[in-house]
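Here's start_9.cif, which has mmCIF, C-alpha atoms:
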```
data_coords
#
loop_
_atom_site.label_atom_id
_atom_site.label_comp_id
_atom_site.auth_asym_id
_atom_site.auth_seq_id
_atom_site.Cartn_x
_atom_site.Cartn_y
_atom_site.Cartn_z
CA LYS A 1 58.71 20.04 4.11
CA GLN A 2 59.00 16.50 5.43
CA GLU A 3 61.42 14.30 3.53
CA VAL A 4 61.82 10.58 4.13
CA THR A 5 65.00 8.80 3.06
CA GLN A 6 65.68 5.09 2.99
CA ILE A 7 69.15 3.64 2.83
CA PRO A 8 70.28 1.48 1.13
CA ALA A 9 68.18 1.65 -2.04
CA ALA A 10 68.88 -2.03 -2.65
CA LEU A 11 70.26 -4.87 -0.57
CA SER A 12 71.13 -8.44 -1.44
CA VAL A 13 71.82 -10.99 1.31
CA PRO A 14 72.13 -14.77 1.63
CA GLU A 15 69.30 -16.69 3.23
CA GLY A 16 69.47 -16.85 7.02
CA GLU A 17 71.23 -13.54 7.51
CA ASN A 18 69.91 -10.93 9.93
CA LEU A 19 69.57 -7.49 8.36
CA VAL A 20 68.65 -3.90 9.11
CA LEU A 21 66.84 -1.44 6.89
CA ASN A 22 67.13 2.26 7.65
CA CYS A 23 64.65 5.11 7.40
CA SER A 24 65.27 8.75 8.27
CA PHE A 25 62.94 11.75 8.29
CA THR A 26 63.70 15.45 8.47
CA ASP A 27 60.83 16.66 10.68
CA SER A 28 60.64 14.93 14.06
CA ALA A 29 57.09 16.19 14.70
CA ILE A 30 55.39 12.99 13.61
CA TYR A 31 52.34 11.12 14.86
CA ASN A 32 53.53 7.71 13.80
CA LEU A 33 55.74 5.76 11.44
CA GLN A 34 54.59 2.74 9.46
CA TRP A 35 56.61 0.10 7.63
CA PHE A 36 55.17 -1.57 4.53
CA ARG A 37 56.15 -4.32 2.17
CA GLN A 38 55.50 -4.09 -1.57
CA ASP A 39 55.86 -7.05 -3.91
CA PRO A 40 56.56 -6.27 -7.59
CA GLY A 41 53.55 -4.70 -9.30
CA LYS A 42 51.43 -5.09 -6.18
CA GLY A 43 49.92 -2.95 -3.46
CA LEU A 44 51.34 -2.33 0.00
CA THR A 45 51.10 -4.70 2.95
CA SER A 46 51.34 -3.10 6.37
CA LEU A 47 54.05 -4.64 8.54
CA LEU A 48 54.34 -2.52 11.67
CA LEU A 49 52.99 0.76 13.01
CA ILE A 50 55.01 2.64 15.64
CA GLN A 51 53.30 5.49 17.39
CA SER A 52 55.36 8.56 18.28
CA SER A 53 55.29 7.65 21.99
CA GLN A 54 56.69 4.17 21.34
CA ARG A 55 60.26 3.04 20.88
CA GLU A 56 59.70 -0.25 19.10
CA GLN A 57 57.22 -2.78 17.79
CA THR A 58 57.69 -6.47 17.07
CA SER A 59 55.87 -8.92 14.83
CA GLY A 60 57.36 -12.35 14.36
CA ARG A 61 60.82 -12.00 12.81
CA LEU A 62 60.37 -8.26 12.37
CA ASN A 63 61.32 -5.57 14.83
CA ALA A 64 60.96 -1.87 14.13
CA SER A 65 62.47 0.84 16.28
CA LEU A 66 61.84 4.56 16.37
CA ASP A 67 64.05 7.38 17.62
CA LYS A 68 61.88 10.40 16.98
CA SER A 69 64.33 12.97 18.29
CA SER A 70 67.01 11.93 15.83
CA GLY A 71 64.54 11.29 13.00
CA ARG A 72 65.41 7.64 12.53
CA SER A 73 63.73 4.27 12.33
CA THR A 74 65.11 0.83 11.63
CA LEU A 75 63.45 -2.37 10.51
CA TYR A 76 65.29 -5.48 11.70
CA ILE A 77 64.57 -8.75 9.92
CA ALA A 78 65.84 -11.87 11.63
CA ALA A 79 66.80 -15.06 9.84
CA SER A 80 65.90 -13.77 6.41
CA GLN A 81 64.16 -16.05 3.90
CA PRO A 82 63.76 -15.87 0.11
CA GLY A 83 60.08 -15.03 0.69
CA ASP A 84 61.18 -11.81 2.37
CA SER A 85 62.35 -10.52 -1.01
CA ALA A 86 60.35 -7.36 -1.70
CA THR A 87 60.59 -3.58 -1.50
CA TYR A 88 60.24 -2.23 2.02
CA LEU A 89 58.78 1.25 2.44
CA CYS A 90 58.59 3.48 5.47
CA ALA A 91 56.12 6.33 5.83
CA VAL A 92 55.36 8.98 8.43
CA ILE A 93 52.33 11.05 9.36
CA LEU A 94 53.08 14.59 10.45
CA GLN A 95 51.59 16.34 13.43
CA GLY A 96 49.08 18.95 12.38
CA GLY A 97 47.51 19.25 8.95
CA SER A 98 46.29 16.32 6.87
CA GLU A 99 46.50 12.64 7.69
CA LYS A 100 48.52 11.79 4.61
CA LEU A 101 51.48 9.44 4.66
CA VAL A 102 54.83 10.74 3.43
CA PHE A 103 56.82 7.87 1.94
CA GLY A 104 60.44 7.07 1.35
CA LYS A 105 61.49 5.53 -1.96
CA GLY A 106 62.01 2.14 -0.38
CA THR A 107 64.72 -0.48 -0.03
CA LYS A 108 64.60 -3.35 -2.50
CA LEU A 109 65.60 -6.49 -0.63
CA THR A 110 66.72 -9.69 -2.31
CA VAL A 111 67.30 -12.78 -0.17
CA ASN A 112 69.23 -15.40 -2.08
CA PRO A 113 68.66 -19.11 -1.36
CA SER B 1 41.99 -5.26 9.71
CA ALA B 2 40.11 -3.85 6.75
CA VAL B 3 40.44 -5.47 3.33
CA ILE B 4 40.52 -3.21 0.28
CA SER B 5 39.55 -4.47 -3.18
CA GLN B 6 40.68 -2.36 -6.09
CA LYS B 7 39.85 -2.83 -9.75
CA PRO B 8 40.95 -3.04 -12.41
CA SER B 9 44.29 -4.48 -11.37
CA ARG B 10 45.84 -3.31 -14.61
CA ASP B 11 44.87 -1.68 -17.87
CA ILE B 12 46.39 -0.43 -21.09
CA CYS B 13 44.64 2.68 -22.38
CA GLN B 14 44.84 4.94 -25.40
CA ARG B 15 45.93 8.52 -24.89
CA GLY B 16 43.08 10.96 -24.63
CA THR B 17 40.73 8.48 -22.99
CA SER B 18 39.69 8.21 -19.33
CA LEU B 19 39.85 5.34 -16.84
CA THR B 20 37.85 4.96 -13.63
CA ILE B 21 39.40 2.94 -10.81
CA GLN B 22 37.17 1.52 -8.10
CA CYS B 23 38.04 0.94 -4.46
CA GLN B 24 35.82 -1.14 -2.17
CA VAL B 25 36.50 -1.60 1.55
CA ASP B 26 34.94 -4.49 3.46
CA SER B 27 34.06 -2.26 6.42
CA GLN B 28 33.15 1.35 7.01
CA VAL B 29 36.17 3.60 7.16
CA THR B 30 36.53 7.23 8.01
CA MET B 31 39.43 8.17 5.78
CA MET B 32 40.13 7.11 2.18
CA PHE B 33 43.06 8.27 0.09
CA TRP B 34 44.34 7.93 -3.47
CA TYR B 35 48.09 7.68 -4.15
CA ARG B 36 50.17 7.52 -7.30
CA GLN B 37 53.45 5.65 -7.66
CA GLN B 38 55.37 6.58 -10.76
CA PRO B 39 58.07 4.19 -12.01
CA GLY B 40 61.03 4.16 -9.64
CA GLN B 41 59.45 6.73 -7.34
CA SER B 42 57.85 6.76 -3.93
CA LEU B 43 54.13 7.04 -3.37
CA THR B 44 52.62 10.51 -3.69
CA LEU B 45 49.20 11.46 -2.34
CA ILE B 46 46.78 12.65 -5.02
CA ALA B 47 43.82 13.47 -2.79
CA THR B 48 41.80 12.61 0.28
CA ALA B 49 38.35 11.28 -0.63
CA ASN B 50 35.78 12.85 1.68
CA GLN B 51 32.42 11.20 2.17
CA GLY B 52 29.61 13.54 1.22
CA SER B 53 31.83 16.40 0.08
CA GLU B 54 34.43 17.26 -2.52
CA ALA B 55 37.81 15.59 -2.34
CA THR B 56 40.80 17.47 -0.97
CA TYR B 57 43.59 17.60 -3.55
CA GLU B 58 47.32 17.90 -2.95
CA SER B 59 49.44 20.50 -4.65
CA GLY B 60 49.95 19.61 -8.29
CA PHE B 61 46.74 17.58 -8.63
CA VAL B 62 43.44 19.03 -9.85
CA ILE B 63 39.86 17.84 -9.89
CA ASP B 64 39.47 18.15 -13.66
CA LYS B 65 42.29 15.67 -14.20
CA PHE B 66 41.56 13.34 -11.27
CA PRO B 67 37.87 13.51 -10.34
CA ILE B 68 37.07 11.49 -7.24
CA SER B 69 33.80 10.21 -5.85
CA ARG B 70 33.02 8.88 -2.40
CA PRO B 71 29.31 8.13 -2.14
CA ASN B 72 29.52 6.21 1.16
CA LEU B 73 31.90 4.99 3.86
CA THR B 74 33.02 1.87 1.98
CA PHE B 75 33.51 2.94 -1.66
CA SER B 76 35.44 5.46 -3.73
CA THR B 77 36.43 5.95 -7.35
CA LEU B 78 39.30 7.79 -8.99
CA THR B 79 39.10 8.77 -12.66
CA VAL B 80 42.23 9.56 -14.64
CA SER B 81 40.99 11.90 -17.37
CA ASN B 82 42.35 12.73 -20.82
CA MET B 83 45.27 10.39 -20.27
CA SER B 84 48.79 10.87 -21.62
CA PRO B 85 51.81 8.54 -21.38
CA GLU B 86 52.97 10.56 -18.36
CA ASP B 87 49.97 9.17 -16.44
CA SER B 88 51.42 5.66 -16.65
CA SER B 89 51.78 4.71 -13.00
CA ILE B 90 50.46 2.47 -10.27
CA TYR B 91 47.43 4.02 -8.58
CA LEU B 92 46.69 2.90 -5.03
CA CYS B 93 43.68 3.30 -2.79
CA SER B 94 44.26 3.53 0.95
CA ALA B 95 42.00 3.63 3.98
CA ARG B 96 42.21 4.10 7.70
CA GLU B 97 39.65 2.40 9.89
CA ALA B 98 39.14 5.27 12.27
CA SER B 99 39.95 8.94 12.31
CA GLY B 100 43.09 9.90 14.10
CA ARG B 101 46.63 9.56 12.98
CA ASN B 102 47.53 6.70 15.27
CA THR B 103 45.59 4.08 13.35
CA GLU B 104 47.10 1.81 10.76
CA ALA B 105 46.71 2.61 7.06
CA PHE B 106 45.75 -0.16 4.64
CA PHE B 107 46.17 -0.35 0.88
CA GLY B 108 44.51 -2.01 -2.07
CA GLN B 109 46.52 -4.11 -4.47
CA GLY B 110 46.92 -1.21 -6.87
CA THR B 111 46.02 -0.50 -10.48
CA ARG B 112 48.88 -0.59 -12.96
CA LEU B 113 48.03 1.84 -15.74
CA THR B 114 49.89 2.01 -19.04
CA VAL B 115 48.95 4.77 -21.48
CA VAL B 116 49.98 4.27 -25.10
#
```

For this file, write the structure as structure tokens.
Amino acid sequence: KQEVTQIPAALSVPEGENLVLNCSFTDSAIYNLQWFRQDPGKGLTSLLLIQSSQREQTSGRLNASLDKSSGRSTLYIAASQPGDSATYLCAVILQGGSEKLVFGKGTKLTVNP
Amino acid sequence: SAVISQKPSRDICQRGTSLTIQCQVDSQVTMMFWYRQQPGQSLTLIATANQGSEATYESGFVIDKFPISRPNLTFSTLTVSNMSPEDSSIYLCSAREASGRNTEAFFGQGTRLTVV
């Protein structure tokens, strides 16, 4: 059974700091990995999708990497801003079977002005 | 990218009643899904909404409790039946624009349900 773990569960940083969020998964047979942002009481906003054949994806100040063989992904946020404060979720789709996403519990990020 | 509208955004319901949540996508999509996010937990898939056929439910979820409709390629509903306080959660609709696992998944803004 695929399990997705995100560490740390919560992170508080001062504005301007660069930071890394971690995601690990137990079954390396994945099709892709997707990072989301969730604001309190809201739905999910897709940030980046990394396909299993890719090593990284970039969007603005965000960079996500994927090491499928070791079951790890990182989300790097450069020059953090208070508006980046949210919960960040990673999710994977397994090879074979359904197309469902398996989620981690998320990392709650607070960027202090 | 597809835009998903979900309503209601929140509701407070009496135990024993039912609530129907609607999900409207602004373009035709192949795959639609319903997730539940219990307080402090990660998202869990309830079912895949199949157009023109019965939904496919995950282990632990049954049609009598969570009936789902999908009459066309842009719309789906999830009903939470005979509610109890344990059903208090955020319910989220998700869609993928094309079949195949290498396409991005999108989510609605969620429905925050409180059962009293």

So, counting only C-alpha atoms, which residue among A:Gly60, A:Gly16, A:Gly104, A:Gly96 is closest to Tyr31 of chain A?
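Looking only at the distances to Tyr31 of chain A, the closest residue turns out to be A:Gly96.
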
Please enumerate the residues selected by the PyMOL selection byres ((chain B) within 10 of (chain A)) when evaluated against the supplied file, formatted as number ranges by chain.
B: 6, 9-10, 31-35, 37, 40-48, 56, 58, 90-94, 96, 99-112

Name the closest residue to Leu109 of chain A among the candidates A:Ala86, A:Ala79, A:Ala9, A:Leu19; distances are taken between atoms, counting only C-alpha atoms.
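For Leu109 of chain A, the nearest of the candidates is A:Ala86.
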
Report, in Å to a single decimal, how far apart atom CA of Pro40 of chain A and atom CA of Leu11 of chain A are.
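About the pair atom CA of Leu11 of chain A and atom CA of Pro40 of chain A: they are 15.5 Å apart.
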
From B:Gly52, B:Pro39, B:Pro8, B:Gly16, residue lying nearest Lys65 of chain B [all atoms listed in the file]
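So, comparing all the options, the nearest one is B:Gly16.
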
Measure the distance from atom CA of Arg61 of chain A to atom CA of Pro82 of chain A in Å and round it to one decimal.
13.6 Å

Suppose a student applies the PyMOL selection byres ((chain B and resi 69) around 8) to this structure; what residues should they get, written as a ChimeraX atom specification?
/B:49,54-55,67-68,70-71,76-78

Just the selected residues (C-alpha atoms), exported as an mmCIF file, keeping the file's coordinate frame, please.
```
data_model
loop_
_atom_site.group_PDB
_atom_site.id
_atom_site.type_symbol
_atom_site.label_atom_id
_atom_site.label_comp_id
_atom_site.auth_asym_id
_atom_site.auth_seq_id
_atom_site.Cartn_x
_atom_site.Cartn_y
_atom_site.Cartn_z
ATOM 1 C CA ALA B 49 38.350 11.280 -0.630
ATOM 2 C CA GLU B 54 34.430 17.260 -2.520
ATOM 3 C CA ALA B 55 37.810 15.590 -2.340
ATOM 4 C CA PRO B 67 37.870 13.510 -10.340
ATOM 5 C CA ILE B 68 37.070 11.490 -7.240
ATOM 6 C CA ARG B 70 33.020 8.880 -2.400
ATOM 7 C CA PRO B 71 29.310 8.130 -2.140
ATOM 8 C CA SER B 76 35.440 5.460 -3.730
ATOM 9 C CA THR B 77 36.430 5.950 -7.350
ATOM 10 C CA LEU B 78 39.300 7.790 -8.990
#
```

Carefully work through the PyMOL selection byres ((chain A and resi 65) around 8) for this structure and note down the residues it includes, as a list in words.
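Going through the file, the PyMOL selection byres ((chain A and resi 65) around 8) ends up selecting Ile50, Arg55, Glu56, Gln57, Asn63, Ala64, Leu66, Asp67, Ser73, Thr74 and Leu75 of chain A.
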
From the options A:Asn112, A:Ser70, A:Thr87, A:Ser59, which residue's atoms come nearest to Glu15 of chain A, counting all atoms listed in the file?
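Ranking A:Asn112, A:Ser70, A:Thr87, A:Ser59 by distance to Glu15 of chain A, first place goes to A:Asn112.
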
Quick one, how far is atom CA of Asn18 of chain A from atom CA of Tyr76 of chain A?
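Between these atoms lies a distance of 7.4 Å.
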
List as a list in words the protein and nucleic acid residues near Gln2 of chain A, meaning an atom at most 7 Å away when all atoms listed in the file are counted, but skip any in the same chain fewer than 2 places from it.
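Final neighbour list, sorted by chain and number: Val4, Phe25, Thr26 and Asp27 of chain A.
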
Complete the atom set of segment 56-76 of chain A to N, CA, C and O atoms and return it as a short mmCIF file (atom, residue, chain, number, x, y, z; two decimals), in the coordinates of the input.
```cif
data_model
loop_
_atom_site.label_atom_id
_atom_site.label_comp_id
_atom_site.auth_asym_id
_atom_site.auth_seq_id
_atom_site.Cartn_x
_atom_site.Cartn_y
_atom_site.Cartn_z
N GLU A 56 59.58 0.85 20.03
CA GLU A 56 59.70 -0.25 19.10
C GLU A 56 58.43 -1.07 19.05
O GLU A 56 57.58 -1.00 19.95
N GLN A 57 58.32 -1.84 17.97
CA GLN A 57 57.22 -2.78 17.79
C GLN A 57 57.79 -4.05 17.18
O GLN A 57 58.74 -4.00 16.39
N THR A 58 57.21 -5.18 17.56
CA THR A 58 57.69 -6.47 17.07
C THR A 58 56.54 -7.28 16.51
O THR A 58 55.43 -7.26 17.05
N SER A 59 56.83 -7.98 15.40
CA SER A 59 55.87 -8.92 14.83
C SER A 59 56.66 -10.06 14.21
O SER A 59 57.31 -9.88 13.17
N GLY A 60 56.63 -11.21 14.88
CA GLY A 60 57.36 -12.35 14.36
C GLY A 60 58.84 -12.07 14.25
O GLY A 60 59.50 -11.69 15.21
N ARG A 61 59.38 -12.24 13.04
CA ARG A 61 60.82 -12.00 12.81
C ARG A 61 61.16 -10.53 12.57
O ARG A 61 62.31 -10.20 12.32
N LEU A 62 60.16 -9.69 12.64
CA LEU A 62 60.37 -8.26 12.37
C LEU A 62 60.36 -7.46 13.65
O LEU A 62 59.55 -7.69 14.54
N ASN A 63 61.29 -6.50 13.71
CA ASN A 63 61.32 -5.57 14.83
C ASN A 63 61.61 -4.19 14.28
O ASN A 63 62.61 -4.00 13.58
N ALA A 64 60.75 -3.24 14.58
CA ALA A 64 60.96 -1.87 14.13
C ALA A 64 61.19 -0.98 15.33
O ALA A 64 60.51 -1.10 16.35
N SER A 65 62.18 -0.11 15.21
CA SER A 65 62.47 0.84 16.28
C SER A 65 62.26 2.25 15.79
O SER A 65 62.30 2.52 14.58
N LEU A 66 62.05 3.16 16.71
CA LEU A 66 61.84 4.56 16.37
C LEU A 66 62.58 5.45 17.36
O LEU A 66 62.42 5.31 18.57
N ASP A 67 63.41 6.34 16.82
CA ASP A 67 64.05 7.38 17.62
C ASP A 67 63.59 8.71 17.03
O ASP A 67 64.19 9.23 16.07
N LYS A 68 62.50 9.23 17.58
CA LYS A 68 61.88 10.40 16.98
C LYS A 68 62.78 11.62 17.03
O LYS A 68 62.85 12.41 16.08
N SER A 69 63.50 11.77 18.13
CA SER A 69 64.33 12.97 18.29
C SER A 69 65.43 13.05 17.24
O SER A 69 65.80 14.14 16.80
N SER A 70 65.95 11.91 16.84
CA SER A 70 67.01 11.93 15.83
C SER A 70 66.46 11.69 14.43
O SER A 70 67.23 11.72 13.46
N GLY A 71 65.16 11.47 14.31
CA GLY A 71 64.54 11.29 13.00
C GLY A 71 64.93 10.00 12.32
O GLY A 71 65.21 9.99 11.11
N ARG A 72 64.97 8.91 13.10
CA ARG A 72 65.41 7.64 12.53
C ARG A 72 64.52 6.49 12.95
O ARG A 72 64.00 6.46 14.06
N SER A 73 64.39 5.53 12.03
CA SER A 73 63.73 4.27 12.33
C SER A 73 64.50 3.16 11.64
O SER A 73 65.10 3.38 10.58
N THR A 74 64.50 1.99 12.25
CA THR A 74 65.11 0.83 11.63
C THR A 74 64.12 -0.32 11.63
O THR A 74 63.29 -0.45 12.53
N LEU A 75 64.21 -1.13 10.59
CA LEU A 75 63.45 -2.37 10.51
C LEU A 75 64.45 -3.51 10.51
O LEU A 75 65.27 -3.62 9.60
N TYR A 76 64.38 -4.34 11.55
CA TYR A 76 65.29 -5.48 11.70
C TYR A 76 64.53 -6.73 11.27
O TYR A 76 63.42 -6.98 11.74
#
```
